[in-house]
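Student: Can you keep this structure in mind? I'll have questions shortly.
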Amino acid sequence: MQGPLIETLARQGVSRRTFSKYCATLASMMALSPVAGRAMASALAATPAATRRPSVIWLPFQECTGCTESITRSHSPTIEGMIFDMVSLDYQETLMAAAGFQAEEALHTAMKENQGKYLLIVDGSVPLALEGAYSCIAGRTNLELLKEASRGAAAIVAMGSCAAFGGLPHANPNPTGAVAVSDIIKDRPIVNVPGCPPIPVVMTGVLAHFITFGSLPELDALGRPKAFYGETIHDRCYRRPFYDQGKFAKTFDDEGARNGWCLFELGCKGPVTYNSCATTKWNAGTSWPVESGHGCLGCSEPDFWDAGGFYRALSVPAGPLQMVGAAAAVGVATGAAVSFLNRAKKRAAKAGHETTTLADLEK
C-alpha cells in the first residue's frame, strides 16, 4: 500500500506549502471559508495514493467540443492534475486513447463498477426531434445514453450552455428539438455550469468541490454555483465607473474605446449576465472579453442567442434593474443620475430576491 497522496506529491517536487496554498486558493475561488480550505488540504493529503479515484464519465452530445477545449486550459487545478491525481476519467471521447468497441466497453465497465458513485458530465444539448436521430453515439441516441448513464450517477454536471439551457442548438427555430439535460432528468442532483464555453477554472473548481466534499456547491435558482455565478458581469467589471459617469464608447475604435469606456451602447450584456469572467478571467487570469475590447454576449444565460443582436444596446426592461439605451450618454450628470437609480433599484431587487434576465428585456 502506498503512503498518503501528500508524500507522492512531495516526490514529484510539490511541497506541503505549495499544496496548502493550492487548496486555500481553490477554496477562496469558490467563496468557501478558510476552514474549508484547511479541510480540503487535510482530506486530500491524508488520502492514500493507491486509493481508487472517483470515477468521472463525460458524455458529449450536440456540442462543438468547445467545453473540452476550455477545460484543457484550466490552470488551478490543471486538467492533467485532476486526471492523474484526483479523478479517474473513464470516458471522454476527445481525451481518451480508446475508440470504437473499446471505448464503449470502457463506458459500460465504468458504469457497472461504480454504480451509484460516479460523476456524470454532459456537454451539449439533447435532440428530441426525429426520435433523437440528430445525434447518436455507437448507434444509440443521446436521449437513450443520457437516461441509461444518469440512473447510476451520484450527480450530474451539465457542462456548458448547451447542456445547461439548450444553448445554440436550442435557438429558434430549433430544428433538432434540442433541450437541456434538466428538461429530461428529474431524479438526480444536477449542477449547471453554463458558458459558451465555461471558464476553465470554474469547470475544474466545481469538479474539485464534488470530489473533496462529496456534494455539489450551493446553487442559484438556475442551478448554477453561486460562487461563480452569484453576481453580474456588470457588478464586477472594471469599466463600471465609466458606466456610472455616463461615458460610453460609440464605436470599437473611437477615443472612448481606446480610453476603456463602458461598452454598454455597443451591445454589452454584462448588466444581465451572471458569471465570474471579470474576476476569474481566462488563460490563467490573463484577460477576458471586455478587457480585450469586446462586450459581453451573455453566453451563460438561458436563450442568449435569441436575446437580440450582439451589438444592440439593451432596451429598457420592466424589471427591477433600470437600464438605458443611447439616451443615457448625454453627459456625466445624466450618467450619475442613472447610476443612482440603478443602485437603488438593484438594492430593492436584492431585498426581494429578484433578478433581471435577458428574457425580461422588451422594446
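By convention here, the chains of the C-alpha cells are called A, B, ... in the order presented, each chain's residues are numbered starting at 1, and ligands are numbered starting at 1 in the order presented.
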Got a sec: who's within 6 Å of segment 92-99 of chain A, counting only C-alpha atoms, leaving out chain neighbours fewer than 2 positions off, as a PDB file with N, CA, C and O atoms, in the first residue's frame?
Tutor:
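Final file, part_35.pdb:
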ATOM      1  N   TRP A  58     -17.843  11.309 -18.968  1.00  0.00           N
ATOM      2  CA  TRP A  58     -18.154  12.544 -19.704  1.00  0.00           C
ATOM      3  C   TRP A  58     -18.795  12.169 -21.031  1.00  0.00           C
ATOM      4  O   TRP A  58     -18.163  11.557 -21.887  1.00  0.00           O
ATOM      5  N   GLN A 102     -13.740  -0.583 -27.968  1.00  0.00           N
ATOM      6  CA  GLN A 102     -13.005  -0.451 -26.709  1.00  0.00           C
ATOM      7  C   GLN A 102     -13.525   0.728 -25.886  1.00  0.00           C
ATOM      8  O   GLN A 102     -13.630   0.649 -24.659  1.00  0.00           O
ATOM      9  N   ALA A 103     -13.858   1.822 -26.564  1.00  0.00           N
ATOM     10  CA  ALA A 103     -14.383   2.985 -25.861  1.00  0.00           C
ATOM     11  C   ALA A 103     -15.733   2.679 -25.228  1.00  0.00           C
ATOM     12  O   ALA A 103     -15.990   3.034 -24.065  1.00  0.00           O
TER      13      ALA A 103
END
Student: Run DSSP on the backbone and tell me which residues of segment 24-263 of chain A come out as alpha helix (DSSP H); list them as number ranges by chain.
Tutor: A: 24-29, 34-46, 66-71, 79-81, 100-113, 142-151, 161-165, 200-213, 226-229, 233-236, 240-244, 255-258
Student: Pick out the closest residue to His108 of chain A from this set: A:Gly260, A:Gly152, A:Gly270, A:Gly246. Count only C-alpha atoms.
Tutor: A:Gly152
Student: When you draw a straight line from atom CA of Leu207 of chain A to atom CA of Thr279 of chain A, how long is it in Å?
Tutor: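 Distance between the two atoms: 19.6 Å.
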Student: Please give the complete set of residues from segment 60-274 of chain A that DSSP, run on the backbone, assigns to strand (DSSP E or B), formatted as a VMD selection string.
Tutor: chain A and resid 60 62 75 78 88 to 91 118 to 123 125 to 127 136 to 137 140 to 141 153 to 159 178 to 179 190 to 193 219 225 232 248 262 274
Student: Let me see the file: selected residues, C-alpha atoms, as a compact mmCIF listing (two decimals), in the first residue's frame.
Tutor:
# COMPACT_ATOMS: atom_id res chain seq x y z
CA PRO A 60 -20.58 14.60 -25.46
CA GLN A 62 -24.95 18.09 -29.50
CA HIS A 75 -4.61 26.16 -14.54
CA THR A 78 -4.97 21.71 -14.26
CA SER A 88 -10.45 8.57 -12.92
CA LEU A 89 -11.70 9.95 -16.23
CA ASP A 90 -13.15 6.69 -17.51
CA TYR A 91 -14.89 8.00 -20.62
CA TYR A 118 -19.72 8.13 -10.49
CA LEU A 119 -20.00 11.76 -11.51
CA LEU A 120 -21.68 12.17 -14.89
CA ILE A 121 -20.65 15.15 -17.01
CA VAL A 122 -22.69 16.05 -20.07
CA ASP A 123 -21.80 18.71 -22.60
CA SER A 125 -27.87 19.63 -25.77
CA VAL A 126 -30.09 16.59 -26.25
CA PRO A 127 -32.07 16.48 -29.53
CA CYS A 136 -26.08 9.39 -31.92
CA ILE A 137 -23.09 7.59 -30.40
CA ARG A 140 -27.69 4.98 -29.90
CA THR A 141 -29.36 8.34 -29.47
CA ALA A 153 -24.82 8.60 -11.37
CA ALA A 154 -24.33 10.20 -7.97
CA ALA A 155 -24.74 13.62 -9.58
CA ILE A 156 -24.73 15.26 -12.99
CA VAL A 157 -22.78 18.27 -14.21
CA ALA A 158 -24.35 19.97 -17.24
CA MET A 159 -21.18 21.49 -18.67
CA ALA A 178 -32.74 20.41 -28.62
CA VAL A 179 -33.33 20.57 -24.87
CA ILE A 190 -27.78 18.49 -11.38
CA VAL A 191 -25.41 21.45 -11.38
CA ASN A 192 -25.41 23.75 -14.40
CA VAL A 193 -22.06 25.23 -15.43
CA LEU A 219 -26.63 26.73 -6.38
CA PRO A 225 -22.83 27.54 -8.48
CA THR A 232 -23.40 40.02 -12.78
CA PHE A 248 -19.78 55.09 -23.30
CA CYS A 262 -18.13 51.29 -20.97
CA TYR A 274 -24.26 36.26 -14.18
Student: Which residues are near His294 of chain A? Cut-off 12 Å, only C-alpha atoms, ignore same chain within fewer than 5 positions. Put them as a ChimeraX atom specification.
Tutor: /A:239,249,251-253,257-258,260-270,287-289,310-311
Student: Go ahead and save the residues from that selection, with C-alpha atoms, as a PDB file, in the first residue's frame.
Tutor:
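out_11.pdb written:
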ATOM      1  CA  ARG A 239     -15.336  49.581 -16.725  1.00  0.00           C
ATOM      2  CA  ALA A 249     -17.760  54.027 -26.336  1.00  0.00           C
ATOM      3  CA  THR A 251     -17.625  52.507 -31.831  1.00  0.00           C
ATOM      4  CA  PHE A 252     -14.965  49.885 -31.198  1.00  0.00           C
ATOM      5  CA  ASP A 253     -12.199  52.224 -32.391  1.00  0.00           C
ATOM      6  CA  ALA A 257     -12.989  52.661 -26.658  1.00  0.00           C
ATOM      7  CA  ARG A 258      -9.278  53.493 -26.524  1.00  0.00           C
ATOM      8  CA  GLY A 260     -11.540  51.915 -21.764  1.00  0.00           C
ATOM      9  CA  TRP A 261     -15.026  53.431 -21.524  1.00  0.00           C
ATOM     10  CA  CYS A 262     -18.126  51.294 -20.973  1.00  0.00           C
ATOM     11  CA  LEU A 263     -19.248  49.100 -23.901  1.00  0.00           C
ATOM     12  CA  PHE A 264     -22.924  49.168 -22.934  1.00  0.00           C
ATOM     13  CA  GLU A 265     -24.027  51.074 -26.053  1.00  0.00           C
ATOM     14  CA  LEU A 266     -22.119  48.611 -28.241  1.00  0.00           C
ATOM     15  CA  GLY A 267     -24.309  45.762 -27.021  1.00  0.00           C
ATOM     16  CA  CYS A 268     -22.573  44.547 -23.858  1.00  0.00           C
ATOM     17  CA  LYS A 269     -24.940  42.217 -21.970  1.00  0.00           C
ATOM     18  CA  GLY A 270     -22.964  42.434 -18.737  1.00  0.00           C
ATOM     19  CA  SER A 287      -7.703  38.580 -19.802  1.00  0.00           C
ATOM     20  CA  TRP A 288     -11.407  38.307 -20.608  1.00  0.00           C
ATOM     21  CA  PRO A 289     -13.625  39.545 -23.490  1.00  0.00           C
ATOM     22  CA  PHE A 310     -24.978  41.117 -30.011  1.00  0.00           C
ATOM     23  CA  TYR A 311     -24.170  44.733 -30.908  1.00  0.00           C
TER      24      TYR A 311
END
Student: With only C-alpha atoms as the atoms that count, which of A:Glu69, A:Ala110, A:Gly100, A:Ser182 lies nearest to Ile57 of chain A?
Tutor: A:Ala110
Student: Which residue is closest to Pro194 of chain A? Choose from A:Gly309, A:Gly285, A:Gly167, A:Gly177 and count only C-alpha atoms.
Tutor: A:Gly167
Student: Which residues are near Ser276 of chain A? Cut-off 9 Å, only C-alpha atoms, ignore same chain within fewer than 4 positions. Put them as a ChimeraX atom specification.
Tutor: /A:199,202,227-233,236,280-281
Student: Could you check how far atom CA of Ile79 of chain A sits from atom CA of Lys112 of chain A, in Å to one decimal?
Tutor: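 So the answer is 24.8 Å.
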Student: Work out how far apart atom CA of Cys299 of chain A and atom CA of Glu144 of chain A are and give it in Å to one decimal.
Tutor: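 According to the coordinates, atom CA of Cys299 of chain A and atom CA of Glu144 of chain A are separated by 27.7 Å.
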